[in-house]
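K.L.:
This one is work.cif, mmCIF, C-alpha atoms and all ligand atoms.
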data_input
#
loop_
_atom_site.label_atom_id
_atom_site.label_comp_id
_atom_site.auth_asym_id
_atom_site.auth_seq_id
_atom_site.Cartn_x
_atom_site.Cartn_y
_atom_site.Cartn_z
CA MET A 867 -154.45 54.35 -51.57
CA GLU A 868 -151.89 54.72 -48.78
CA ARG A 869 -148.23 53.99 -49.42
CA SER A 870 -145.95 53.09 -46.56
CA LYS A 871 -142.78 54.92 -47.58
CA ILE A 872 -141.93 58.55 -48.14
CA ARG A 873 -140.17 58.94 -51.49
CA LEU A 874 -137.18 61.28 -51.47
CA LEU A 875 -134.76 62.26 -54.18
CA ALA A 876 -131.37 63.02 -52.57
CA LEU A 877 -128.80 64.77 -54.71
CA VAL A 878 -125.03 65.19 -54.49
CA GLY A 879 -122.61 66.67 -56.99
CA ALA A 880 -119.30 67.78 -55.62
CA ARG A 881 -116.83 66.74 -52.94
CA PRO A 882 -118.19 68.83 -50.05
CA ASN A 883 -121.66 67.33 -50.59
CA PHE A 884 -120.62 63.76 -49.89
CA MET A 885 -119.77 64.08 -46.20
CA LYS A 886 -122.98 66.04 -45.62
CA MET A 887 -125.24 63.53 -47.35
CA ALA A 888 -123.67 60.39 -45.81
CA PRO A 889 -125.24 60.68 -42.30
CA LEU A 890 -128.59 61.70 -43.78
CA LEU A 891 -128.78 58.63 -46.01
CA ARG A 892 -127.83 56.38 -43.12
CA GLU A 893 -130.44 57.93 -40.83
CA LEU A 894 -133.20 57.72 -43.45
CA GLU A 895 -132.34 54.11 -44.20
CA THR A 896 -132.35 53.14 -40.50
CA ARG A 897 -135.85 54.50 -40.01
CA GLY A 898 -137.30 52.24 -42.70
CA ARG A 899 -139.95 54.82 -43.59
CA PHE A 900 -138.18 56.48 -46.51
CA GLU A 901 -137.44 55.31 -50.01
CA THR A 902 -134.54 57.39 -51.22
CA THR A 903 -133.25 57.70 -54.76
CA LEU A 904 -129.64 58.90 -54.71
CA VAL A 905 -128.57 61.05 -57.64
CA HIS A 906 -124.95 62.02 -58.34
CA THR A 907 -124.74 64.84 -60.84
CA GLY A 908 -121.09 64.04 -61.65
CA GLN A 909 -119.97 67.67 -61.14
CA HIS A 910 -116.92 66.12 -59.48
CA TYR A 911 -115.82 62.95 -61.22
CA ASP A 912 -112.13 62.14 -60.51
CA ALA A 913 -111.87 59.15 -58.16
CA SER A 914 -109.93 61.30 -55.68
CA MET A 915 -112.70 63.93 -55.69
CA SER A 916 -115.68 61.60 -55.79
CA GLY A 917 -115.79 57.76 -55.90
CA ASP A 918 -113.26 57.27 -53.11
CA PHE A 919 -115.49 59.28 -50.76
CA PHE A 920 -118.50 57.05 -51.48
CA ARG A 921 -116.52 53.98 -50.48
CA GLU A 922 -114.92 55.51 -47.38
CA LEU A 923 -118.12 57.05 -46.08
CA GLY A 924 -120.27 54.02 -46.86
CA ILE A 925 -122.52 55.95 -49.25
CA PRO A 926 -124.44 53.54 -51.50
CA GLU A 927 -123.79 53.53 -55.24
CA PRO A 928 -125.87 56.34 -56.73
CA ASP A 929 -129.06 55.13 -58.40
CA VAL A 930 -128.43 57.64 -61.16
CA ASN A 931 -125.29 59.43 -62.34
CA LEU A 932 -125.95 62.41 -64.58
CA ALA A 933 -122.24 62.67 -65.52
CA VAL A 934 -122.42 66.40 -66.19
CA GLY A 935 -118.67 66.92 -65.58
CA SER A 936 -116.94 70.28 -65.89
CA GLY A 937 -118.05 73.30 -67.82
CA SER A 938 -118.97 76.93 -67.41
CA HIS A 939 -121.39 77.76 -64.60
CA ALA A 940 -124.25 78.00 -67.07
CA ALA A 941 -123.39 74.75 -68.84
CA GLN A 942 -122.95 72.81 -65.59
CA THR A 943 -126.12 74.22 -64.06
CA ALA A 944 -128.17 73.72 -67.22
CA GLN A 945 -127.21 70.08 -67.57
CA VAL A 946 -128.16 69.31 -63.98
CA LEU A 947 -131.42 71.23 -64.39
CA VAL A 948 -132.47 69.15 -67.41
CA GLY A 949 -131.35 65.85 -65.89
CA VAL A 950 -133.07 66.44 -62.55
CA GLU A 951 -136.30 67.58 -64.17
CA GLU A 952 -136.55 64.26 -66.03
CA LEU A 953 -135.88 62.32 -62.87
CA LEU A 954 -138.46 64.23 -60.86
CA ILE A 955 -141.10 63.55 -63.47
CA GLU A 956 -140.20 59.87 -63.51
CA LYS A 957 -139.80 59.29 -59.75
CA ARG A 958 -142.44 61.66 -58.37
CA PRO A 959 -140.79 62.08 -54.96
CA GLU A 960 -142.54 63.76 -52.03
CA ALA A 961 -139.48 66.00 -51.60
CA VAL A 962 -135.90 66.57 -52.75
CA LEU A 963 -133.05 66.59 -50.28
CA LEU A 964 -130.22 69.01 -51.08
CA VAL A 965 -127.04 69.88 -49.20
CA GLY A 966 -124.60 72.77 -49.41
CA ASP A 967 -124.12 75.42 -52.06
CA VAL A 968 -122.51 73.99 -55.16
CA ASN A 969 -123.80 74.45 -58.72
CA SER A 970 -125.53 71.06 -58.58
CA THR A 971 -127.52 72.20 -55.52
CA VAL A 972 -128.92 75.33 -57.11
CA ALA A 973 -129.72 73.57 -60.37
CA ALA A 974 -131.68 70.83 -58.61
CA SER A 975 -133.57 73.41 -56.56
CA LEU A 976 -134.72 75.19 -59.73
CA ALA A 977 -135.89 71.95 -61.33
CA ALA A 978 -137.81 70.93 -58.20
CA ALA A 979 -139.40 74.32 -57.59
CA LYS A 980 -140.83 74.47 -61.12
CA LEU A 981 -142.39 71.04 -60.67
CA LEU A 982 -143.76 71.99 -57.24
CA VAL A 983 -141.67 69.36 -55.47
CA PRO A 984 -140.85 70.61 -51.95
CA ILE A 985 -137.16 71.17 -51.23
CA ALA A 986 -135.31 70.34 -48.03
CA HIS A 987 -132.08 72.34 -47.91
CA VAL A 988 -129.47 71.21 -45.44
CA GLU A 989 -126.93 73.87 -44.45
CA ALA A 990 -129.29 76.71 -45.25
CA GLY A 991 -128.94 80.37 -44.33
CA LEU A 992 -125.17 80.75 -44.66
CA ARG A 993 -124.23 84.10 -46.20
CA SER A 994 -120.82 85.62 -46.84
CA GLY A 995 -122.39 88.86 -48.04
CA ASP A 996 -120.15 88.52 -51.09
CA ARG A 997 -122.06 88.02 -54.33
CA THR A 998 -118.87 87.60 -56.34
CA MET A 999 -118.71 84.09 -54.84
CA PRO A 1000 -120.68 81.68 -57.04
CA GLU A 1001 -121.71 79.76 -53.92
CA GLU A 1002 -123.40 82.86 -52.46
CA ILE A 1003 -125.77 83.05 -55.43
CA ASN A 1004 -126.41 79.32 -55.12
CA ARG A 1005 -127.24 79.70 -51.41
CA ILE A 1006 -129.65 82.59 -51.87
CA VAL A 1007 -131.56 80.95 -54.71
CA THR A 1008 -131.76 77.54 -53.06
CA ASP A 1009 -132.96 78.94 -49.73
CA THR A 1010 -135.59 81.11 -51.41
CA LEU A 1011 -137.06 78.06 -53.10
CA SER A 1012 -136.90 75.71 -50.10
CA THR A 1013 -139.73 74.49 -47.88
CA TRP A 1014 -137.37 73.35 -45.12
CA CYS A 1015 -134.29 75.43 -44.36
CA PHE A 1016 -132.11 73.38 -42.00
CA THR A 1017 -129.54 75.65 -40.41
CA THR A 1018 -126.27 75.05 -38.58
CA GLU A 1019 -125.79 78.25 -36.58
CA PRO A 1020 -127.78 81.26 -35.31
CA ALA A 1021 -126.52 83.60 -38.04
CA GLY A 1022 -128.15 81.28 -40.58
CA ASP A 1023 -131.56 81.76 -38.96
CA GLU A 1024 -131.09 85.53 -38.85
CA ASN A 1025 -130.03 85.74 -42.50
CA LEU A 1026 -133.10 83.82 -43.60
CA ARG A 1027 -135.43 86.00 -41.51
CA ARG A 1028 -133.84 89.11 -42.99
CA GLU A 1029 -134.56 87.76 -46.47
CA GLY A 1030 -138.20 87.25 -45.56
CA ILE A 1031 -138.19 83.46 -45.21
CA ALA A 1032 -141.16 82.42 -43.07
CA GLU A 1033 -140.33 81.39 -39.51
CA GLU A 1034 -141.91 77.95 -39.85
CA LYS A 1035 -139.47 77.07 -42.63
CA ILE A 1036 -136.40 77.68 -40.47
CA HIS A 1037 -135.13 74.76 -38.40
CA ARG A 1038 -131.86 74.91 -36.49
CA VAL A 1039 -130.69 71.33 -36.38
CA GLY A 1040 -126.89 71.50 -36.09
CA ASN A 1041 -124.26 70.40 -38.53
CA VAL A 1042 -124.40 67.15 -40.54
CA MET A 1043 -120.77 67.58 -41.57
CA ILE A 1044 -119.86 67.27 -37.90
CA ASP A 1045 -122.05 64.15 -37.66
CA THR A 1046 -119.69 62.61 -40.21
CA LEU A 1047 -116.61 63.88 -38.44
CA ARG A 1048 -117.67 62.42 -35.07
CA ALA A 1049 -118.71 59.13 -36.66
CA ASN A 1050 -115.30 58.73 -38.32
CA GLN A 1051 -112.87 60.18 -35.81
CA ALA A 1052 -111.95 56.84 -34.22
CA ARG A 1053 -111.36 55.21 -37.63
CA ALA A 1054 -109.16 58.10 -38.71
CA ASP A 1055 -107.13 57.88 -35.50
CA GLU A 1056 -106.14 54.32 -36.37
CA LEU A 1057 -104.61 55.28 -39.71
CA ASP A 1058 -100.85 55.47 -40.28
CA THR A 1059 -101.20 58.64 -42.38
CA LEU A 1060 -98.56 60.56 -40.42
CA GLU A 1061 -96.06 57.70 -40.50
CA ARG A 1062 -96.54 57.24 -44.24
CA LEU A 1063 -95.81 60.91 -44.81
CA SER A 1064 -92.99 61.02 -42.22
CA LEU A 1065 -94.78 63.66 -40.17
CA GLU A 1066 -94.91 64.28 -36.47
CA SER A 1067 -98.06 65.24 -34.66
CA GLY A 1068 -98.26 69.01 -34.12
CA ARG A 1069 -95.22 69.66 -36.30
CA TYR A 1070 -96.71 70.58 -39.64
CA ALA A 1071 -99.33 72.91 -41.10
CA LEU A 1072 -102.03 71.77 -43.51
CA LEU A 1073 -103.17 73.91 -46.44
CA THR A 1074 -106.08 73.78 -48.89
CA LEU A 1075 -106.72 76.36 -51.58
CA HIS A 1076 -109.24 76.32 -54.40
CA ARG A 1077 -111.55 79.36 -54.31
CA PRO A 1078 -111.68 81.26 -57.59
CA SER A 1079 -110.94 84.49 -55.68
CA ASN A 1080 -107.57 83.04 -54.62
CA VAL A 1081 -106.52 80.77 -57.44
CA ASP A 1082 -107.95 82.36 -60.59
CA ASP A 1083 -105.86 85.52 -60.25
CA PRO A 1084 -102.12 84.97 -60.84
CA LYS A 1085 -101.07 87.92 -58.67
CA THR A 1086 -103.07 86.81 -55.62
CA LEU A 1087 -101.98 83.20 -56.06
CA ALA A 1088 -98.30 84.12 -56.37
CA GLU A 1089 -98.47 86.39 -53.32
CA LEU A 1090 -100.15 83.67 -51.25
CA PHE A 1091 -97.64 81.05 -52.32
CA GLY A 1092 -94.81 83.44 -51.38
CA ALA A 1093 -96.12 83.74 -47.82
CA LEU A 1094 -96.81 80.03 -47.54
CA GLU A 1095 -93.30 79.16 -48.73
CA GLU A 1096 -91.93 81.37 -45.97
CA ILE A 1097 -93.98 79.45 -43.38
CA HIS A 1098 -92.83 76.19 -44.95
CA ARG A 1099 -89.22 77.08 -44.24
CA GLU A 1100 -90.06 76.94 -40.54
CA LEU A 1101 -92.72 74.23 -40.42
CA PRO A 1102 -93.62 71.84 -43.25
CA VAL A 1103 -96.75 73.02 -45.08
CA LEU A 1104 -98.66 70.06 -46.51
CA PHE A 1105 -100.74 70.96 -49.54
CA PRO A 1106 -103.20 68.50 -51.10
CA VAL A 1107 -103.83 70.24 -54.42
CA HIS A 1108 -107.39 70.66 -55.74
CA PRO A 1109 -107.78 70.13 -59.53
CA ARG A 1110 -108.79 73.78 -60.03
CA THR A 1111 -105.57 74.85 -58.32
CA SER A 1112 -103.42 72.40 -60.33
CA ALA A 1113 -104.87 73.94 -63.46
CA ALA A 1114 -104.11 77.44 -62.16
CA ILE A 1115 -100.49 76.52 -61.38
CA ARG A 1116 -100.15 75.11 -64.89
CA ASP A 1117 -101.98 77.87 -66.78
CA LEU A 1118 -101.32 81.00 -64.71
CA LEU A 1119 -97.99 80.40 -63.00
CA GLY A 1120 -96.15 78.80 -65.91
CA GLY A 1121 -96.25 75.34 -64.34
CA THR A 1122 -93.80 76.08 -61.52
CA PRO A 1123 -95.28 74.54 -58.38
CA PRO A 1124 -94.86 76.31 -55.05
CA ALA A 1125 -92.05 75.06 -52.78
CA LEU A 1126 -94.44 73.37 -50.35
CA ARG A 1127 -95.09 69.70 -49.61
CA LEU A 1128 -97.51 68.93 -52.45
CA LEU A 1129 -99.90 65.97 -52.28
CA GLU A 1130 -102.77 64.58 -54.33
CA PRO A 1131 -106.26 65.38 -53.00
CA GLN A 1132 -106.63 63.21 -49.90
CA GLY A 1133 -109.41 60.84 -48.93
CA TYR A 1134 -111.79 61.81 -46.14
CA LEU A 1135 -110.19 59.73 -43.39
CA ASP A 1136 -106.58 60.60 -44.20
CA PHE A 1137 -107.50 64.26 -44.40
CA LEU A 1138 -109.32 64.07 -41.07
CA ARG A 1139 -106.25 62.47 -39.52
CA LEU A 1140 -104.04 65.19 -41.00
CA MET A 1141 -106.32 67.97 -39.74
CA SER A 1142 -106.63 66.56 -36.25
CA GLN A 1143 -102.84 66.37 -35.75
CA ALA A 1144 -101.81 69.61 -37.48
CA LYS A 1145 -100.26 72.54 -35.63
CA PHE A 1146 -102.67 74.66 -37.62
CA VAL A 1147 -104.66 74.67 -40.85
CA LEU A 1148 -104.73 77.29 -43.61
CA THR A 1149 -107.71 77.15 -45.93
CA ASP A 1150 -110.22 78.93 -48.13
CA SER A 1151 -112.72 76.07 -47.87
CA GLY A 1152 -116.04 76.48 -46.09
CA GLY A 1153 -116.29 73.05 -44.51
CA ILE A 1154 -112.75 73.00 -43.15
CA GLN A 1155 -113.44 76.13 -41.10
CA GLU A 1156 -116.15 74.11 -39.35
CA GLU A 1157 -114.19 70.88 -39.03
CA THR A 1158 -111.20 72.60 -37.41
CA THR A 1159 -113.56 74.31 -34.96
CA ALA A 1160 -115.07 70.93 -34.08
CA LEU A 1161 -111.57 69.48 -33.63
CA GLY A 1162 -110.20 72.47 -31.69
CA ILE A 1163 -107.38 72.96 -34.22
CA PRO A 1164 -106.40 76.56 -35.08
CA CYS A 1165 -107.56 77.63 -38.54
CA LEU A 1166 -106.43 80.60 -40.62
CA THR A 1167 -108.99 81.34 -43.30
CA LEU A 1168 -107.48 82.81 -46.45
CA ARG A 1169 -110.53 84.88 -47.35
CA GLU A 1170 -111.91 88.34 -46.66
CA ASN A 1171 -115.23 87.03 -45.35
CA THR A 1172 -116.90 83.91 -44.09
CA GLU A 1173 -120.45 82.60 -44.27
CA ARG A 1174 -119.73 80.64 -41.08
CA PRO A 1175 -119.26 83.37 -38.44
CA ILE A 1176 -119.74 81.03 -35.50
CA THR A 1177 -116.35 79.48 -36.25
CA ILE A 1178 -114.87 82.90 -35.50
CA GLU A 1179 -117.14 83.91 -32.61
CA LYS A 1180 -116.90 80.57 -30.82
CA GLY A 1181 -114.44 78.40 -32.68
CA THR A 1182 -110.75 78.38 -33.57
CA ASN A 1183 -111.08 80.22 -36.86
CA VAL A 1184 -109.37 83.53 -37.71
CA LEU A 1185 -110.09 85.40 -40.93
CA VAL A 1186 -106.77 86.55 -42.40
CA GLY A 1187 -107.49 87.34 -46.07
CA SER A 1188 -105.07 86.70 -48.91
CA ARG A 1189 -102.34 89.30 -48.34
CA ALA A 1190 -98.92 87.87 -47.53
CA GLU A 1191 -98.27 90.15 -44.58
CA ALA A 1192 -101.51 89.25 -42.79
CA VAL A 1193 -101.04 85.52 -43.39
CA LEU A 1194 -97.51 85.64 -42.03
CA ARG A 1195 -98.51 87.68 -38.99
CA ALA A 1196 -101.28 85.24 -38.07
CA ALA A 1197 -99.05 82.19 -38.62
CA ARG A 1198 -96.34 83.79 -36.51
CA ARG A 1199 -98.73 84.20 -33.58
CA ILE A 1200 -99.53 80.48 -33.68
CA LEU A 1201 -95.88 79.47 -34.01
CA ASP A 1202 -95.10 81.70 -31.01
CA GLY A 1203 -97.62 79.77 -28.98
CA THR A 1204 -100.57 82.14 -28.88
CA ALA A 1205 -103.12 80.21 -30.93
CA LYS A 1206 -106.75 81.05 -30.36
CA ALA A 1207 -108.68 78.56 -28.23
CA GLY A 1208 -112.27 77.75 -29.14
CA GLN A 1209 -115.47 76.00 -28.18
CA VAL A 1210 -117.67 73.66 -30.16
CA PRO A 1211 -120.92 75.40 -31.23
CA GLU A 1212 -124.28 74.31 -29.91
CA LEU A 1213 -125.87 71.31 -31.68
CA TRP A 1214 -122.63 70.30 -33.43
CA ASP A 1215 -122.97 67.05 -31.54
CA GLY A 1216 -123.20 64.30 -34.15
CA HIS A 1217 -127.02 64.15 -34.18
CA ALA A 1218 -128.06 66.71 -36.80
CA ALA A 1219 -129.19 64.08 -39.34
CA SER A 1220 -131.53 62.56 -36.80
CA ARG A 1221 -133.16 65.94 -36.11
CA ILE A 1222 -133.62 66.49 -39.83
CA ALA A 1223 -135.19 63.06 -40.36
CA ASP A 1224 -137.59 63.71 -37.44
CA ILE A 1225 -138.85 66.89 -39.08
CA LEU A 1226 -139.15 65.40 -42.56
CA GLU A 1227 -141.03 62.41 -41.22
CA ARG A 1228 -143.40 64.58 -39.23
CA ASP A 1229 -144.14 66.85 -42.19
CA LEU A 1230 -144.17 64.32 -45.02
CA ARG A 1231 -146.12 61.39 -43.60
CA PRO A 1232 -149.46 63.11 -44.22
CA ALA A 1233 -148.47 63.57 -47.90
CA LEU A 1234 -148.57 59.79 -48.41
CA THR A 1235 -152.31 59.53 -47.89
CA VAL A 1236 -153.04 62.51 -50.09
CA ARG A 1237 -150.84 61.70 -53.11
CA GLY A 1238 -151.09 57.89 -53.08
C1 LIG B 1301 -116.81 73.31 -56.39
C2 LIG B 1301 -117.88 74.16 -55.70
C3 LIG B 1301 -117.33 74.73 -54.40
C4 LIG B 1301 -116.71 73.67 -53.53
C5 LIG B 1301 -115.68 72.90 -54.34
C6 LIG B 1301 -115.01 71.81 -53.53
C7 LIG B 1301 -119.42 75.37 -57.22
C8 LIG B 1301 -119.74 76.68 -57.79
N1 LIG B 1301 -118.25 75.30 -56.55
O1 LIG B 1301 -115.77 74.16 -56.80
O2 LIG B 1301 -118.40 75.33 -53.71
O3 LIG B 1301 -116.10 74.25 -52.41
O4 LIG B 1301 -116.33 72.33 -55.48
O5 LIG B 1301 -114.17 71.05 -54.29
O6 LIG B 1301 -120.18 74.45 -57.36
N2 LIG B 1301 -112.14 69.09 -61.74
C9 LIG B 1301 -111.41 67.95 -61.96
N3 LIG B 1301 -111.84 66.80 -61.40
C10 LIG B 1301 -112.94 66.75 -60.63
C11 LIG B 1301 -113.68 67.92 -60.40
C12 LIG B 1301 -113.26 69.09 -60.96
O7 LIG B 1301 -110.40 67.95 -62.64
O8 LIG B 1301 -113.28 65.65 -60.14
C13 LIG B 1301 -111.71 70.37 -62.36
C14 LIG B 1301 -112.70 70.81 -63.43
O9 LIG B 1301 -112.22 70.51 -64.67
C15 LIG B 1301 -112.85 72.30 -63.22
C16 LIG B 1301 -112.23 72.58 -61.87
O10 LIG B 1301 -111.70 71.37 -61.37
O11 LIG B 1301 -112.17 73.02 -64.20
C17 LIG B 1301 -113.24 73.14 -60.94
O12 LIG B 1301 -114.36 72.25 -60.74
P1 LIG B 1301 -115.83 72.84 -60.44
O13 LIG B 1301 -116.77 71.77 -60.10
O14 LIG B 1301 -116.19 73.76 -61.53
O15 LIG B 1301 -115.65 73.77 -59.19
P2 LIG B 1301 -114.72 73.69 -57.91
O16 LIG B 1301 -113.70 74.75 -58.02
O17 LIG B 1301 -114.28 72.29 -57.61
#
Please re-express this file's structure in structure tokens.
Ligand code: UD1

P.N.:
Amino acid sequence: MERSKIRLLALVGARPNFMKMAPLLRELETRGRFETTLVHTGQHYDASMSGDFFRELGIPEPDVNLAVGSGSHAAQTAQVLVGVEELLIEKRPEAVLLVGDVNSTVAASLAAAKLLVPIAHVEAGLRSGDRTMPEEINRIVTDTLSTWCFTTEPAGDENLRREGIAEEKIHRVGNVMIDTLRANQARADELDTLERLSLESGRYALLTLHRPSNVDDPKTLAELFGALEEIHRELPVLFPVHPRTSAAIRDLLGGTPPALRLLEPQGYLDFLRLMSQAKFVLTDSGGIQEETTALGIPCLTLRENTERPITIEKGTNVLVGSRAEAVLRAARRILDGTAKAGQVPELWDGHAASRIADILERDLRPALTVRG
């Protein structure tokens, strides 16, 4: 018996997944040939970290919410693993669609691989070379188990080849996160975000900070805040605070917040507006390194390494680490008017989701006749 639609199970768990999955779901829906079950693991659950993004980005209500919440890496991963296994047995999809490198991604990949359900991994091949980062482990495991590795930049392809991933599994398609950025830029430009916050275009810096390597160690965190406060005395530093970082300020720094302009985590569109008008951005996020490169806004990355080298080779990104002196030196250069210019990488053109859907359709249509 031949069915007409390709069944997919698409999974999201944490904030950076939502903007990657949104254009994929839209593209799959438009084609009318896919039947997608959307699963939210609930790794991120606060409205400001999760539900608000669904509404803003037009992501449909998840069909299933596993509500795994917070926990140790093992607990979080294990709960997703059990929940996804049950769903895969019930739904029998032709493939699972995974994005990024969070704990939910790796857990779902393990569940799928054991049940022989092919995995499509979007944003494959990124490697920081730093196995102390939980995301690095998640990336390696997920890519190893994937049938389709959809990459964003040439280094991704090379990393996968070096790890012995077969050539036919590697597909350079561009960057779905930039699909979302391009699709929403005009909407963000209409917002009164700057007016509401009494900011002037080009006259503030924007900061995000949440990596365990920066925020879980009181000494590093205090040193970073010291440098950032110094910058703030010259140019307002806006700081939407991630829940992990709030907890660190409370538990590790005795509850005294840094003397910066603190905000709640921002929605996608407000944050896009804030990024696009900033003098520069300071961050330890992965996605923001890419978004600032796409926007042509200078970015100082508060890490020792990056899994996204193209943002440095081609884009506006500079790796500065977490030492006060280096952060201040790099900020000073920008304030003195010598910010690095950049170019937008190849295939970061707003059409990555369409390339991915083309490949999945080509490869999965034959499966319909066989599995029935
Ligand atoms: C996770 C991802 C990281 C991603 C980041 C973006 C992993 C290993 N890490 O890190 O790759 O860059 O999300 O945000 O998957 N919390 C809340 N409310 C929420 C979500 C989390 O209060 O909605 C708290 C939790 O109690 C937890 C802390 O924030 O203690 C960290 O959450 P967790 O999902 O463990 O990791 P992140 O640091 O957010």

K.L.:
For Lys886 (chain A), please output as a list in words all residues within 7 Å (counting all atoms listed in the file; exclusion window: fewer than 5 positions along the same chain).

P.N.:
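The neighbour list is Val965, Val1042 and Met1043 of chain A.
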
K.L.:
Kindly provide, as a ChimeraX atom specification, all nucleotide and amino acid residues lying within 10 Å of ligand LIG 1301 (chain B), counting all atoms listed in the file.

P.N.:
/A:879-883,908-917,934-939,942-943,966-972,999-1004,1075-1078,1081-1082,1108-1114,1131,1150-1154

K.L.:
Can you work out which one of A:Glu927, A:Thr902, A:Glu1212, A:Leu875 has the shortest atom-to-atom distance to Val950 (chain A), counting all atoms listed in the file?

P.N.:
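Between A:Glu927, A:Thr902, A:Glu1212, A:Leu875, the residue approaching Val950 (chain A) most closely is A:Leu875.
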
K.L.:
Near Arg993 (chain A), counting only C-alpha atoms, which residues have an atom at most 10 Å away, once you skip same-chain residues fewer than 5 positions from it, shown as a ChimeraX atom specification?

P.N.:
/A:1001-1003,1005-1006,1021-1022,1025-1026,1171-1175

K.L.:
Which polymer residues have any atom within 9 Å of an atom of region 954-959 of chain A, counting all atoms listed in the file, with same-chain residues fewer than 6 positions away left out, as a list in words?

P.N.:
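These residues fall inside the cut-off: Ile872, Arg873, Leu874, Leu875, Thr902, Thr903, Ala977, Ala978, Leu981 and Val983 of chain A.
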
K.L.:
Go through A:Pro1106, A:Pro889, A:Gly1121, A:Pro1232 one by one, measure the shortest atom-to-atom distance of each to Arg869 (chain A) using all atoms listed in the file, and give the residue with the smallest value.

P.N.:
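Checking each of A:Pro1106, A:Pro889, A:Gly1121, A:Pro1232 against Arg869 (chain A), counting all atoms listed in the file, the winner is A:Pro1232.
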
K.L.:
CA of Arg892 (chain A) and CA of Glu960 (chain A), how far apart in Å?

P.N.:
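Computing the Euclidean distance for CA of Glu960 (chain A) and CA of Arg892 (chain A) yields 18.7 Å.
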
K.L.:
Calculate how many Å separate CA of Arg997 (chain A) from CA of Glu1170 (chain A), rounding to one decimal.

P.N.:
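Interatomic distance, CA of Arg997 (chain A) to CA of Glu1170 (chain A): 12.7 Å.
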
K.L.:
Restrict the output to region 1020-1024 of chain A and all heavy atoms, then write it as a JSON list (two decimals), in the first residue's frame.

P.N.:
[["chain", "number", "residue", "atom", "x", "y", "z"],
["A", 1020, "PRO", "N", 31.88, 25.42, 5.47],
["A", 1020, "PRO", "CA", 32.84, 24.42, 5.00],
["A", 1020, "PRO", "C", 33.54, 23.65, 6.12],
["A", 1020, "PRO", "O", 33.77, 22.45, 6.00],
["A", 1020, "PRO", "CB", 33.87, 25.26, 4.22],
["A", 1020, "PRO", "CG", 33.15, 26.50, 3.82],
["A", 1020, "PRO", "CD", 32.13, 26.76, 4.89],
["A", 1021, "ALA", "N", 33.83, 24.31, 7.24],
["A", 1021, "ALA", "CA", 34.52, 23.61, 8.33],
["A", 1021, "ALA", "C", 33.68, 22.44, 8.84],
["A", 1021, "ALA", "O", 34.22, 21.42, 9.28],
["A", 1021, "ALA", "CB", 34.82, 24.58, 9.48],
["A", 1022, "GLY", "N", 32.38, 22.59, 8.78],
["A", 1022, "GLY", "CA", 31.48, 21.51, 9.20],
["A", 1022, "GLY", "C", 31.68, 20.27, 8.35],
["A", 1022, "GLY", "O", 31.78, 19.15, 8.86],
["A", 1023, "ASP", "N", 31.77, 20.46, 7.04],
["A", 1023, "ASP", "CA", 31.99, 19.33, 6.13],
["A", 1023, "ASP", "C", 33.32, 18.66, 6.46],
["A", 1023, "ASP", "O", 33.42, 17.43, 6.54],
["A", 1023, "ASP", "CB", 32.05, 19.80, 4.67],
["A", 1023, "ASP", "CG", 30.81, 20.56, 4.23],
["A", 1023, "ASP", "OD1", 30.06, 21.00, 5.10],
["A", 1023, "ASP", "OD2", 30.61, 20.70, 3.02],
["A", 1024, "GLU", "N", 34.34, 19.50, 6.64],
["A", 1024, "GLU", "CA", 35.68, 18.94, 6.90],
["A", 1024, "GLU", "C", 35.72, 18.16, 8.22],
["A", 1024, "GLU", "O", 36.31, 17.08, 8.29],
["A", 1024, "GLU", "CB", 36.72, 20.07, 6.96],
["A", 1024, "GLU", "CG", 37.05, 20.62, 5.58],
["A", 1024, "GLU", "CD", 37.52, 22.07, 5.64],
["A", 1024, "GLU", "OE1", 38.13, 22.46, 6.67],
["A", 1024, "GLU", "OE2", 37.24, 22.81, 4.67]]
